Amino acid sequence: MMQAFSTWLATTELGHYLLECEQAFFDRAVADIFGFHAVQVGLPEVDFLAANRIPWQCRAAESGEAAQIICHPAQLPFESRSLDLLVMPHLLDFTTEPHQVLREVERVLVPEGRLLMTGFNPVSLWGVRRLIQGRADTPWRGNFFPLIRIRDWLKLLDLEPVAGCFMAYAPPVSQHDWLERFGFLERAGDKWWPLAAGVYGIEAIKRQRGMRLITPKWKTAKSAQGLVVAGGNERHPTHKQAATPSRCAGEHKE
């Protein structure tokens with residue numbers, strides 16, 4: 001399904017419009033993220049990491065000549081806690097294992113690592129068209145998960161959503177002329193009807209739960225009174241004895 005979606009983006013007017021919106025979102029989001037390793041999973045033909053300055057980058061996918069790593073998104077070939085940034089354009093929309101994909105994301109990200117992802121919003125004109133014409137064609141066969149559900153899944157895995165963006169406010173029409181006529185919706189959408197956008201973008205951070213050691217409350221032992229320590233001797237008596245007067249020679253009682 002992901003390969004068919006990639007072809008749709010590259011060959012249709014509506015796909016070009018959507019790709020332009022999402023490229024702008026990813027360029028802004030990745031620009032100020034730093035680290036050592038960044039990976040894009042899905043749509044390897046488009047470089048969504050182009051504006052990022054992390055030295056080691058790669059694009060992974062299930063297929064495609066542009067993919068540098070061929071893998072299944074539910075079984076990422078990376079070590080645990082090894083990636084600083086993970087970019088997933090519409091990956092959950094075109095997978096049959098969304099929960100396992102997110103579990104893999106949590107596994108491979110370092111603590112405080114970043115996840116950037118996009119998805120189709122079912123509560124929009126794009127969702128309405130999907131209901132009317134059916135799910136036979138791309139991209140309408142995608143999952144179209146509600147944003148609130150995605151946020152809940154992320155929170156369960158300690159992936160905290162910290163930022164977001166809505167895009168693609170124009171109706172999903174196929175003619176380029178009509179898309180240009182609805183260009184004013186792109187400028188006014190964030191202010192007047194943000195939840196009606198065709199696509200949402202999410203930035204999440206992997207939070208590492210801390211561990212607090214609970215130590216016992218030690219108390220100072222009170223010194224015991226009136227105890228005699230064994231082992232005393234003449235030089236170091238264990239207790240002081242009262243001195244007794246000695247009798248001198250020739251002393252007599254009266």
# chains A, B, ... in the order shown; residues from 1 in each chain; ligands from 1
$ residues_around --residues "Phe144 of chain A" --least-positions-apart "6" --cutoff "6 Å" --atoms "only C-alpha atoms" --output "number ranges by chain"
A: 93, 120-122
$ residues_around --residues "Thr95 of chain A" --least-positions-apart "3" --cutoff "9 Å" --atoms "only C-alpha atoms" --output "list in words"
Met1, Met2, Pro73, Ala74, Leu91, Leu92, Pro98, Val101, Gly142 and Asn143 of chain A
$ closest_residue --among "A:Ser82, A:Glu160, A:Thr138, A:Arg209" --to "Gly15 of chain A" --atoms "only C-alpha atoms"
A:Thr138
$ residues_around --residues "segment 42-46 of chain A" --least-positions-apart "2" --cutoff "10 Å" --atoms "only C-alpha atoms" --output "ChimeraX atom specification"
/A:2-3,5-7,9-10,19,23,39-40,48-50,58-69,72-73,87-92,94
$ select_by_dssp --residues "segment 14-219 of chain A" --states "helix (DSSP H, G or I)" --output "ChimeraX atom specification"
/A:14-30,92-94,98-108,125-133,147-156,176-181,183-192,194-196
$ closest_residue --among "A:Thr11, A:Ser80, A:Gln175, A:Thr96" --to "Gly113 of chain A" --atoms "only C-alpha atoms"
A:Ser80
$ closest_residue --among "A:Gly164, A:Pro172, A:Pro111, A:Gly198" --to "Phe145 of chain A" --atoms "only C-alpha atoms"
A:Gly198
$ atom_distance --atom1 "atom CA of His37 of chain A" --atom2 "atom CA of Trp56 of chain A"
5.0 Å
$ closest_residue --among "A:Val162, A:Leu18, A:Leu131, A:Leu83" --to "Leu109 of chain A" --atoms "only C-alpha atoms"
A:Leu83
$ atom_distance --atom1 "atom CA of Glu104 of chain A" --atom2 "atom CA of Ile33 of chain A"
20.5 Å
